[in-house]
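Pasted below: query_35.txt, compact mmCIF, C-alpha atoms and all ligand atoms.
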# COMPACT_ATOMS: atom_id res chain seq x y z
CA MET A 1 -13.10 -21.60 33.86
CA PRO A 2 -14.97 -18.48 32.65
CA CYS A 3 -13.16 -16.75 29.82
CA VAL A 4 -13.55 -14.15 27.09
CA LEU A 5 -11.93 -14.37 23.71
CA LEU A 6 -10.23 -11.38 22.08
CA LEU A 7 -9.62 -12.09 18.42
CA ASP A 8 -7.43 -10.38 15.87
CA GLU A 9 -10.05 -10.10 13.13
CA THR A 10 -7.60 -10.80 10.30
CA ALA A 11 -6.13 -13.89 11.97
CA ALA A 12 -9.67 -15.08 12.75
CA ARG A 13 -10.75 -14.60 9.12
CA LEU A 14 -7.70 -16.43 7.76
CA HIS A 15 -7.95 -19.30 10.26
CA THR A 16 -11.72 -19.71 10.63
CA GLU A 17 -11.58 -23.42 11.26
CA THR A 18 -8.95 -23.29 14.01
CA VAL A 19 -10.64 -20.33 15.69
CA GLY A 20 -14.07 -21.99 15.32
CA ARG A 21 -12.77 -25.10 17.08
CA LEU A 22 -11.32 -22.93 19.86
CA ILE A 23 -14.66 -21.16 20.38
CA THR A 24 -16.54 -24.46 20.50
CA GLY A 25 -14.00 -25.94 22.90
CA ILE A 26 -13.87 -23.12 25.44
CA ALA A 27 -17.43 -21.71 25.20
CA PRO A 28 -16.39 -18.14 26.07
CA LEU A 29 -18.62 -15.61 27.85
CA GLY A 30 -18.08 -13.34 24.86
CA VAL A 31 -15.98 -12.90 21.74
CA LEU A 32 -14.62 -9.52 20.69
CA GLU A 33 -12.97 -9.02 17.32
CA ILE A 34 -10.23 -6.40 17.25
CA GLN A 35 -8.72 -4.74 14.24
CA ALA A 36 -5.00 -5.28 14.83
CA GLY A 37 -2.36 -2.65 14.20
CA GLU A 38 -0.78 0.18 16.17
CA ALA A 39 -4.16 1.96 16.45
CA CYS A 40 -5.45 -0.80 18.74
CA LYS A 41 -2.67 -0.07 21.26
CA SER A 42 -4.52 3.05 22.44
CA LEU A 43 -6.41 4.09 25.55
CA ALA A 44 -9.57 4.39 23.44
CA ARG A 45 -9.39 0.75 22.28
CA LEU A 46 -8.35 -0.38 25.73
CA THR A 47 -11.48 1.29 27.17
CA GLU A 48 -13.65 -0.55 24.64
CA ILE A 49 -12.07 -3.85 25.70
CA LEU A 50 -12.54 -3.09 29.41
CA ASP A 51 -16.21 -2.20 28.68
CA PHE A 52 -16.57 -5.52 26.92
CA LEU A 53 -15.07 -7.44 29.85
CA ALA A 54 -17.43 -5.68 32.28
CA GLU A 55 -20.50 -6.19 30.06
CA ASN A 56 -19.72 -9.89 29.76
CA GLY A 57 -19.17 -10.22 33.50
CA LEU A 58 -15.66 -11.67 33.44
CA PRO A 59 -15.02 -12.59 37.10
CA LYS A 60 -11.78 -12.12 39.02
CA HIS A 61 -10.88 -15.78 38.53
CA GLY A 62 -11.67 -15.58 34.79
CA ILE A 63 -9.26 -15.57 31.88
CA ILE A 64 -8.75 -13.41 28.83
CA ILE A 65 -7.69 -15.52 25.86
CA ALA A 66 -6.18 -13.37 23.13
CA VAL A 67 -5.48 -14.69 19.64
CA GLY A 68 -3.54 -12.40 17.35
CA GLY A 69 -0.46 -10.45 16.45
CA GLY A 70 1.78 -8.44 18.76
CA THR A 71 -0.53 -5.44 18.94
CA VAL A 72 -3.49 -7.55 20.09
CA CYS A 73 -1.25 -9.38 22.59
CA ASP A 74 -0.02 -6.04 23.99
CA VAL A 75 -3.47 -4.50 24.45
CA ALA A 76 -4.90 -7.76 25.84
CA ASN A 77 -2.06 -7.95 28.34
CA THR A 78 -2.81 -4.41 29.54
CA ALA A 79 -6.53 -5.18 29.87
CA ALA A 80 -5.81 -8.36 31.83
CA ASN A 81 -3.61 -6.48 34.28
CA LEU A 82 -6.12 -3.67 34.84
CA PHE A 83 -9.43 -5.51 34.93
CA ARG A 84 -10.42 -6.40 38.49
CA ARG A 85 -6.76 -5.64 39.39
CA GLY A 86 -5.63 -8.64 37.38
CA VAL A 87 -7.38 -11.56 35.69
CA GLY A 88 -5.85 -14.61 34.02
CA LEU A 89 -4.27 -14.28 30.59
CA ALA A 90 -3.62 -16.81 27.83
CA LEU A 91 -1.94 -15.58 24.66
CA VAL A 92 -2.15 -17.36 21.34
CA PRO A 93 0.22 -15.29 19.19
CA THR A 94 -0.41 -15.61 15.46
CA THR A 95 2.48 -13.70 13.89
CA LEU A 96 6.14 -14.72 13.97
CA LEU A 97 7.00 -11.52 15.81
CA ALA A 98 4.38 -12.16 18.47
CA GLN A 99 5.41 -15.81 18.92
CA ILE A 100 9.07 -15.09 19.47
CA ASP A 101 8.85 -11.73 21.15
CA ALA A 102 5.67 -9.77 21.91
CA ALA A 103 3.87 -12.57 23.75
CA ILE A 104 6.95 -13.58 25.73
CA GLY A 105 8.32 -11.92 28.82
CA GLY A 106 5.41 -9.98 30.28
CA LYS A 107 6.35 -6.58 28.89
CA ASN A 108 3.70 -4.60 27.06
CA GLY A 109 3.08 -1.13 25.70
CA LEU A 110 0.35 1.24 24.56
CA ASN A 111 0.97 4.17 22.23
CA PHE A 112 0.17 7.57 23.74
CA ARG A 113 0.40 11.14 22.38
CA LYS A 114 1.82 9.77 19.12
CA THR A 115 4.67 8.11 21.04
CA LYS A 116 5.16 4.42 20.62
CA ASN A 117 4.85 2.37 23.84
CA LEU A 118 4.85 5.48 26.04
CA LEU A 119 2.57 3.64 28.48
CA GLY A 120 3.16 0.14 29.70
CA HIS A 121 3.95 -2.23 32.50
CA PHE A 122 4.87 -5.86 33.15
CA TYR A 123 2.24 -8.55 33.50
CA HIS A 124 2.80 -12.21 32.73
CA ALA A 125 0.50 -14.47 30.77
CA GLN A 126 -0.07 -17.82 32.48
CA TRP A 127 -0.10 -19.55 29.09
CA VAL A 128 1.49 -18.72 25.75
CA ILE A 129 0.52 -21.16 23.03
CA CYS A 130 2.51 -20.90 19.80
CA ASP A 131 1.06 -22.80 16.85
CA VAL A 132 3.36 -22.23 13.88
CA ARG A 133 0.61 -23.23 11.44
CA PHE A 134 -0.77 -19.71 11.91
CA LEU A 135 2.42 -18.37 10.35
CA ARG A 136 1.70 -19.86 6.93
CA SER A 137 -0.69 -17.00 6.10
CA LEU A 138 1.78 -14.19 6.87
CA ASP A 139 2.81 -12.10 3.91
CA ARG A 140 6.46 -11.26 3.28
CA LEU A 141 6.38 -7.95 5.14
CA GLN A 142 4.60 -9.34 8.21
CA ALA A 143 7.09 -12.20 8.35
CA THR A 144 9.98 -9.73 8.04
CA GLY A 145 8.97 -8.27 11.41
CA GLY A 146 9.40 -11.66 13.01
CA PHE A 147 12.67 -12.41 11.28
CA ALA A 148 14.02 -9.02 12.40
CA GLU A 149 13.26 -9.86 16.04
CA ALA A 150 14.72 -13.36 15.59
CA ILE A 151 17.97 -11.88 14.24
CA LYS A 152 17.93 -9.45 17.17
CA VAL A 153 17.69 -12.04 19.94
CA LEU A 154 20.06 -14.56 18.36
CA ALA A 155 22.69 -11.94 17.42
CA VAL A 156 23.07 -10.87 21.06
CA SER A 157 22.88 -14.33 22.58
CA ASP A 158 23.68 -17.25 20.26
CA ALA A 159 25.82 -16.73 17.15
CA ALA A 160 25.75 -20.45 16.26
CA ALA A 161 21.94 -20.48 16.25
CA LEU A 162 21.87 -17.31 14.15
CA ARG A 163 24.04 -19.03 11.56
CA ARG A 164 22.05 -22.26 11.72
CA HIS A 165 18.68 -20.59 11.19
CA PHE A 166 19.64 -17.86 8.73
CA ALA A 167 22.73 -18.78 6.70
CA GLY A 168 21.90 -19.28 3.05
CA ARG A 169 18.14 -19.13 3.62
CA PRO A 170 16.17 -16.70 1.49
CA PRO A 171 13.65 -14.49 3.38
CA GLY A 172 10.02 -15.59 3.74
CA VAL A 173 8.17 -18.16 5.87
CA GLU A 174 7.46 -20.13 2.71
CA ASN A 175 11.14 -21.13 2.69
CA LEU A 176 10.87 -22.86 6.06
CA SER A 177 9.13 -26.12 6.84
CA LEU A 178 6.79 -26.22 9.84
CA ASP A 179 9.51 -28.11 11.74
CA ALA A 180 12.09 -25.44 10.91
CA LEU A 181 9.65 -22.69 11.98
CA LEU A 182 8.98 -24.51 15.22
CA GLU A 183 12.70 -24.85 15.91
CA LEU A 184 13.27 -21.17 15.20
CA VAL A 185 10.40 -20.07 17.46
CA ALA A 186 11.50 -22.42 20.24
CA LYS A 187 15.13 -21.27 20.06
CA CYS A 188 14.23 -17.57 20.09
CA VAL A 189 11.80 -18.01 23.00
CA ASP A 190 14.42 -19.97 24.90
CA ARG A 191 17.11 -17.30 24.33
CA LYS A 192 14.73 -14.50 25.31
CA LEU A 193 13.72 -16.31 28.50
CA VAL A 194 17.37 -16.87 29.44
CA LEU A 195 18.12 -13.15 29.00
CA LEU A 196 15.18 -12.02 31.07
CA ASP A 197 15.32 -14.77 33.67
CA SER A 198 17.80 -12.88 35.83
CA ASP A 199 16.46 -9.47 34.87
CA PRO A 200 12.65 -9.47 34.63
CA PHE A 201 12.40 -5.66 34.84
CA GLU A 202 15.02 -4.76 32.25
CA LEU A 203 17.79 -3.43 34.43
CA SER A 204 20.71 -5.44 33.02
CA SER A 205 20.81 -8.46 30.64
CA ARG A 206 17.28 -7.87 29.34
CA ARG A 207 18.42 -4.53 27.95
CA LEU A 208 20.32 -6.47 25.26
CA LEU A 209 16.90 -7.31 23.81
CA ASN A 210 16.64 -3.65 22.86
CA TYR A 211 19.19 -4.27 20.10
CA GLY A 212 17.90 -2.32 17.10
CA HIS A 213 15.24 -0.56 19.18
CA ALA A 214 17.02 2.61 20.38
CA PHE A 215 15.92 4.43 17.24
CA ALA A 216 13.32 2.04 15.85
CA HIS A 217 10.43 3.69 17.64
CA THR A 218 11.40 7.11 16.25
CA PHE A 219 11.45 5.63 12.76
CA GLU A 220 8.00 4.16 13.24
CA GLU A 221 6.53 7.35 14.70
CA GLU A 222 8.11 9.60 12.08
CA SER A 223 6.78 7.41 9.29
CA GLY A 224 3.26 7.70 10.73
CA PHE A 225 3.57 3.94 11.35
CA SER A 226 3.79 3.20 7.64
CA LEU A 227 7.14 1.59 8.40
CA THR A 228 6.37 -1.64 10.18
CA HIS A 229 7.97 -2.38 13.55
CA GLY A 230 10.17 -5.01 11.88
CA GLU A 231 11.41 -2.64 9.16
CA ALA A 232 12.20 -0.07 11.84
CA VAL A 233 14.15 -2.67 13.85
CA LEU A 234 16.17 -3.63 10.75
CA MET A 235 17.05 0.04 10.29
CA GLY A 236 17.80 0.40 14.00
CA MET A 237 20.15 -2.60 14.03
CA THR A 238 21.96 -1.11 11.03
CA VAL A 239 22.55 2.21 12.79
CA GLU A 240 23.65 0.51 16.01
CA ASN A 241 26.00 -1.79 14.07
CA THR A 242 27.56 1.23 12.40
CA ILE A 243 27.95 2.97 15.77
CA ALA A 244 29.62 -0.16 17.17
CA MET A 245 32.12 0.03 14.29
CA GLU A 246 32.65 3.77 14.75
CA LEU A 247 33.39 3.14 18.43
CA GLY A 248 35.76 0.28 17.58
CA LEU A 249 33.80 -2.14 19.79
CA THR A 250 33.32 -4.89 17.28
CA THR A 251 35.13 -6.97 14.69
CA GLU A 252 33.96 -9.03 11.72
CA TYR A 253 31.01 -10.45 13.72
CA VAL A 254 29.10 -7.25 13.04
CA ASP A 255 29.62 -7.72 9.26
CA TYR A 256 28.12 -11.16 9.45
CA VAL A 257 25.08 -9.94 11.38
CA GLN A 258 24.66 -6.94 9.09
CA SER A 259 24.69 -9.16 6.01
CA THR A 260 21.87 -11.18 7.61
CA VAL A 261 19.95 -7.97 8.33
CA ASN A 262 20.52 -6.71 4.77
CA ALA A 263 18.73 -9.70 3.27
CA TYR A 264 15.48 -8.50 4.90
CA MET A 265 15.79 -4.76 4.18
CA THR A 266 12.92 -3.31 2.15
CA GLU A 267 12.57 -0.41 -0.28
CA ASN A 268 10.31 1.22 2.29
CA CYS A 269 13.31 1.40 4.65
CA LEU A 270 15.38 3.18 2.02
CA ARG A 271 12.57 5.64 1.26
CA TYR A 272 12.50 6.78 4.89
CA TRP A 273 16.26 6.83 5.15
CA LEU A 274 16.34 9.35 2.33
CA ARG A 275 14.04 11.75 4.21
CA GLY A 276 16.28 14.38 5.79
CA ASP A 277 13.80 15.28 8.55
CA ILE A 278 14.09 11.85 10.15
CA VAL A 279 17.73 12.39 10.96
CA LEU A 280 16.81 15.58 12.87
CA SER A 281 14.24 13.67 14.92
CA LEU A 282 16.84 11.02 15.50
CA VAL A 283 19.18 13.54 17.09
CA ASP A 284 16.31 15.08 19.12
CA ASN A 285 15.34 11.64 20.22
CA LEU A 286 18.90 10.94 21.18
CA LYS A 287 19.03 14.10 23.30
CA ALA A 288 15.74 13.29 25.02
CA ALA A 289 16.91 9.75 25.64
CA ARG A 290 20.10 11.03 27.22
CA ARG A 291 18.07 12.17 30.17
CA ASP A 292 17.54 8.47 30.80
CA GLN A 293 19.82 5.94 29.20
CA MET A 294 20.50 5.68 25.51
CA ASN A 295 20.41 1.93 25.55
CA LEU A 296 22.44 1.48 22.37
CA VAL A 297 23.25 -2.17 21.96
CA CYS A 298 26.60 -2.67 20.26
CA LEU A 299 27.65 -6.12 19.09
CA THR A 300 31.12 -7.12 20.26
CA THR A 301 32.20 -10.76 19.82
CA PRO A 302 30.01 -13.54 18.32
CA GLY A 303 26.79 -13.80 20.35
CA ASN A 304 27.76 -10.95 22.66
CA ALA A 305 26.96 -7.26 22.92
CA GLU A 306 27.38 -4.39 25.28
CA ILE A 307 25.19 -1.45 26.20
CA VAL A 308 26.45 2.01 25.35
CA ASP A 309 24.63 4.78 27.18
CA SER A 310 26.39 7.81 25.82
CA VAL A 311 27.67 8.69 22.37
CA SER A 312 28.21 12.01 20.59
CA ASP A 313 25.78 13.51 18.05
CA ASP A 314 28.61 13.47 15.50
CA ILE A 315 28.98 9.72 15.77
CA ILE A 316 25.23 9.25 15.39
CA LEU A 317 25.10 11.46 12.30
CA SER A 318 28.10 9.79 10.75
CA ALA A 319 26.60 6.36 11.50
CA TRP A 320 23.33 7.48 9.92
CA ASN A 321 25.04 8.47 6.68
CA LYS A 322 27.18 5.35 6.50
CA SER A 323 24.13 3.18 7.23
CA LEU A 324 22.32 4.75 4.29
CA LEU A 325 25.09 3.49 2.02
CA THR A 326 24.82 0.02 3.54
CA VAL A 327 21.07 -0.06 2.88
CA GLU A 328 21.42 1.19 -0.69
CA ARG A 329 24.03 -1.45 -1.41
CA SER A 330 21.96 -4.24 0.13
CA LEU A 331 18.88 -3.31 -1.91
CA ARG A 332 20.90 -3.20 -5.09
CA LYS A 333 22.22 -6.68 -4.26
CA GLN A 334 18.70 -7.97 -3.57
CA MET A 335 17.46 -6.58 -6.89
CA SER A 336 20.29 -8.09 -8.91
CA ALA A 337 19.84 -11.50 -7.21
N1 LIG B 1 5.49 -6.60 24.49
C1 LIG B 1 6.65 -6.87 23.94
O1 LIG B 1 7.60 -7.33 24.58
C2 LIG B 1 6.80 -6.63 22.47
C3 LIG B 1 7.94 -7.11 21.81
C4 LIG B 1 8.03 -6.91 20.43
C5 LIG B 1 7.04 -6.24 19.77
N2 LIG B 1 5.94 -5.78 20.44
C6 LIG B 1 4.87 -5.08 19.74
O2 LIG B 1 4.26 -5.96 18.79
C7 LIG B 1 3.67 -5.16 17.77
C8 LIG B 1 3.95 -5.74 16.40
O3 LIG B 1 3.39 -7.04 16.34
P1 LIG B 1 3.00 -7.70 14.93
O4 LIG B 1 4.14 -7.56 14.00
O5 LIG B 1 2.45 -9.02 15.20
O6 LIG B 1 1.94 -6.67 14.37
P2 LIG B 1 0.33 -6.68 14.34
O7 LIG B 1 -0.25 -7.14 15.58
O8 LIG B 1 -0.04 -5.31 13.88
O9 LIG B 1 0.02 -7.73 13.20
C9 LIG B 1 0.39 -7.43 11.86
C10 LIG B 1 -0.74 -7.76 10.90
O10 LIG B 1 -0.81 -9.18 10.76
C11 LIG B 1 -2.17 -9.61 10.91
N3 LIG B 1 -2.11 -11.00 11.34
C12 LIG B 1 -2.09 -11.52 12.58
N4 LIG B 1 -1.94 -12.85 12.51
C13 LIG B 1 -1.88 -13.18 11.20
C14 LIG B 1 -1.73 -14.40 10.50
N5 LIG B 1 -1.56 -15.56 11.12
N6 LIG B 1 -1.71 -14.36 9.14
C15 LIG B 1 -1.82 -13.19 8.48
N7 LIG B 1 -1.98 -11.99 9.10
C16 LIG B 1 -1.98 -12.01 10.44
C17 LIG B 1 -2.74 -8.63 11.89
O11 LIG B 1 -4.15 -8.58 11.79
C18 LIG B 1 -2.11 -7.32 11.40
O12 LIG B 1 -2.83 -6.81 10.31
C19 LIG B 1 4.23 -3.75 17.92
O13 LIG B 1 3.25 -2.90 18.44
C20 LIG B 1 5.37 -3.92 18.90
O14 LIG B 1 5.58 -2.78 19.69
C21 LIG B 1 5.81 -5.98 21.77
What is this file in structure tokens?
Amino acid sequence: MPCVLLLDETAARLHTETVGRLITGIAPLGVLEIQAGEACKSLARLTEILDFLAENGLPKHGIIIAVGGGTVCDVANTAANLFRRGVGLALVPTTLLAQIDAAIGGKNGLNFRKTKNLLGHFYHAQWVICDVRFLRSLDRLQATGGFAEAIKVLAVSDAAALRRHFAGRPPGVENLSLDALLELVAKCVDRKLVLLDSDPFELSSRRLLNYGHAFAHTFEEESGFSLTHGEAVLMGMTVENTIAMELGLTTEYVDYVQSTVNAYMTENCLRYWLRGDIVLSLVDNLKAARRDQMNLVCLTTPGNAEIVDSVSDDIILSAWNKSLLTVERSLRKQMSA
């Protein structure tokens, strides 16, 4: 079947042999290397990709095969949906975050006017191929993004699995065998698919997957994307956990989840927390979001959560300040360990 290959240039450089074998095996019409990162989720980069598809004559029955992290998967998904009103799509996610989240579920996003994922739609890949051997080359920060999303999906759906995969395990992919990585990826994919099975367009159960994300995008934007998506999600889960406590919705389950989150918190998170201007954006963001739904995900009992769509500015500000203390304490603990 005619195909083109879109390659995350870093993943391709780090896994030359695997990618070389793929190219030999599928004999693509063309290969385009993409510099991954938030900048590739733009209309400008999308146009370049569409130009490339047209120049290489990808037919309607052809396939885009994309190999890379979440940003490459997102932009490839958009291109596949638009080109010839929809061509085939195979995703080969190469980061932990992309394997358990970005490549799964058909949702995608492009950044527009400095706003994260302001554009987007749903389009499903026919194939998602997760090879955990790619994950061995992730550095600590890249892996943190994946672990943050793993905590997210397991916390709202499967407390026993959260405990099994995270209890007593220090952060870092180097601390997991390939079998353990495979199990983690498979479990997270399974949980995500269950949540979105009955709600493909995010009207009910799928909204739980936004745990940690109500404010995460503001954090990323305000940091000029120097906070990674994963760091922003860790911060977002912390604020939402504190709100759940302020609202009296949760019991000790939230403490357990927060202690798991704390183990992955970075100094970069704390640096942004200490910037006063972020809290103002947070409140603005909250007000803008109120026109729609706030989508705060508050943990309740083990493995369960509920959506809160309205909460006062005072509670948000108080949660922000209390969260800062949580982060400071967790970093101190990490440093003394
Ligand atoms: N569509 C969805 O449902 C969904 C869900 C979650 C996240 N996302 C999106 O995913 C994006 C984040 O994905 P990400 O964390 O993979 O970021 P990314 O795509 O920017 O990749 C991070 C870095 O890792 C590099 N990389 C890729 N594979 C590698 C490997 N095997 N070894 C070493 N380095 C490698 C990339 O080149 C890049 O420099 C965000 O834009 C987020 O919005 C989408």
**Request:** Grab the atom CA of A:Leu119 to atom CA of A:Asn81 distance for me, in Å with one decimal place.
**Result:**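 So the answer is 13.2 Å.
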Quick one: which stretch 59-178 of chain A residues come within 10 Å of stretch 7-15 of chain A, and what is the nearest atom pair for each with the distance in Å to one decimal, counting all atoms listed in the file, rows ordered by chain and ascending number, as CSV?
residue,atom,partner,partner_atom,distance
A:Ile65,CA,A:Leu7,CA,8.4
A:Ala66,CA,A:Leu7,CA,6.0
A:Val67,CA,A:Leu7,CA,5.0
A:Gly68,CA,A:Asp8,CA,4.6
A:Gly69,CA,A:Asp8,CA,7.0
A:Gly70,CA,A:Asp8,CA,9.8
A:Thr71,CA,A:Asp8,CA,9.0
A:Val72,CA,A:Asp8,CA,6.4
A:Cys73,CA,A:Asp8,CA,9.2
A:Ala76,CA,A:Leu7,CA,9.8
A:Val92,CA,A:Leu7,CA,9.6
A:Pro93,CA,A:Asp8,CA,9.7
A:Thr94,CA,A:Ala11,CA,6.9
A:Thr95,CA,A:Ala11,CA,8.8
A:Arg133,CA,A:His15,CA,9.5
A:Phe134,CA,A:His15,CA,7.4
A:Leu135,CA,A:Ala11,CA,9.8
A:Ser137,CA,A:Leu14,CA,7.2
A:Leu138,CA,A:Ala11,CA,9.4
**Request:** Would you please work out which residue, of A:Gln126, A:Gln35, A:Asn304, A:Thr218, is nearest to A:Ala80 when using all atoms listed in the file?
**Result:** A:Gln126
**Prompt:** Which neighbours of A:Ser259 fall inside 12 Å, counting only C-alpha atoms, when residues of the same chain fewer than 4 positions from it are skipped, and could you give them as a list in words?
**Reply:** Ile151, Ala155, Leu162, Arg163, Phe166, Ala167, Gly168, Leu234, Met237, Thr238, Asn241, Glu252, Tyr253, Val254, Asp255, Ala263, Tyr264, Met265, Thr326, Val327, Arg329, Ser330, Leu331, Lys333 and Gln334 of chain A
**Request:** Can you pull out every residue within 12 Å of A:Val279, counting all atoms listed in the file, but drop anything in the same chain fewer than 3 positions away, and send it as a list in words?
**Result:**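 Everything that qualifies: Phe215, Thr218, Phe219, Glu222, Val239, Tyr272, Trp273, Leu274, Arg275, Gly276, Leu282, Val283, Asp284, Asn285, Leu286, Asp313, Asp314, Ile316, Leu317, Ser318, Ala319, Trp320, Asn321, Ser323 and Leu324 of chain A.
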Write a file of the selected residues as a CSV table (one decimal), in the frame of the given file, keeping C-alpha atoms.
chain,number,residue,atom,x,y,z
A,215,PHE,CA,15.9,4.4,17.2
A,218,THR,CA,11.4,7.1,16.2
A,219,PHE,CA,11.4,5.6,12.8
A,222,GLU,CA,8.1,9.6,12.1
A,239,VAL,CA,22.6,2.2,12.8
A,272,TYR,CA,12.5,6.8,4.9
A,273,TRP,CA,16.3,6.8,5.2
A,274,LEU,CA,16.3,9.4,2.3
A,275,ARG,CA,14.0,11.8,4.2
A,276,GLY,CA,16.3,14.4,5.8
A,282,LEU,CA,16.8,11.0,15.5
A,283,VAL,CA,19.2,13.5,17.1
A,284,ASP,CA,16.3,15.1,19.1
A,285,ASN,CA,15.3,11.6,20.2
A,286,LEU,CA,18.9,10.9,21.2
A,313,ASP,CA,25.8,13.5,18.0
A,314,ASP,CA,28.6,13.5,15.5
A,316,ILE,CA,25.2,9.2,15.4
A,317,LEU,CA,25.1,11.5,12.3
A,318,SER,CA,28.1,9.8,10.8
A,319,ALA,CA,26.6,6.4,11.5
A,320,TRP,CA,23.3,7.5,9.9
A,321,ASN,CA,25.0,8.5,6.7
A,323,SER,CA,24.1,3.2,7.2
A,324,LEU,CA,22.3,4.8,4.3
**Point (12.5, -6.7, 23.9) neighbourhood (8 Å, only C-alpha atoms) written as number ranges by chain** = A: 101-102, 107, 206-210
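The space between atom CA of A:Ala90 and atom CA of A:Val233 spans 26.7 Å.
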**Minimum-distance residue to A:Ile100, chosen among A:Asp190, A:Glu48, A:Asp139, A:Asp309 (using only C-alpha atoms)** =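 The answer is A:Asp190, which sits nearest to A:Ile100.
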**Fill in**
Computed gap from atom CA of A:Gly105 to atom CA of A:Lys41 is 17.8 Å
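Using only C-alpha atoms and all ligand atoms for every distance, the candidate list A:Ser157, A:Ser223, A:Ser177, A:Asn108 yields A:Asn108 as the residue closest to ligand LIG 1 (chain B).
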**Item:** Nearest to ligand LIG 1 (chain B), chosen from A:Thr228, A:Ser198, A:Thr115, A:Thr16, with all atoms listed in the file counted in the distances
**Value:** A:Thr228
**Message:** Can you pull out the residues contacting A:Gly145? Cut-off 10 Å, using all atoms listed in the file, and skip same-chain residues under 3 positions away; I want them as a list in words.
**Reply:** Thr95, Leu96, Leu97, Ala98, Arg140, Leu141, Gln142, Ala148, Glu149, Ala150, Thr228, His229, Gly230, Glu231, Ala232, Val233, Leu234 and Tyr264 of chain A
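Between ligand LIG 1 (chain B) and the candidates A:Ala44, A:Leu82, A:Ala216, A:Leu22, the tightest atom-to-atom separation, counting only C-alpha atoms and all ligand atoms, involves A:Ala216.
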**Asked** Which residue gives the smallest distance to A:Arg271 among A:Cys298, A:Glu240, A:Ala288, A:Met235, with only C-alpha atoms counted?
**Response**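 With only C-alpha atoms as the atom set, the closest residue is A:Met235.
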Could the centre and edge lengths of an axis-aligned box, enclosing all atoms of ligand LIG 1 (chain B) in the file with 6 Å extra on each side, be given in Å to one decimal as JSON?
{"center_x": 1.9, "center_y": -9.2, "center_z": 16.5, "size_x": 24.2, "size_y": 24.8, "size_z": 28.1}
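Residues lying within 7 Å of A:Leu29, counting all atoms listed in the file and ignoring same-chain neighbours fewer than 4 positions away, are Pro2, Cys3, Val4 and Asn56 of chain A.
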**Request:** Name the residues in contact with A:Leu58 at a cut-off of 12 Å, using all atoms listed in the file, excluding same-chain residues fewer than 6 positions from it; report them as a PyMOL selection string.
**Result:** chain A and resi 1-5+28-31+49-52+64-65+79-80+83-84+86-88
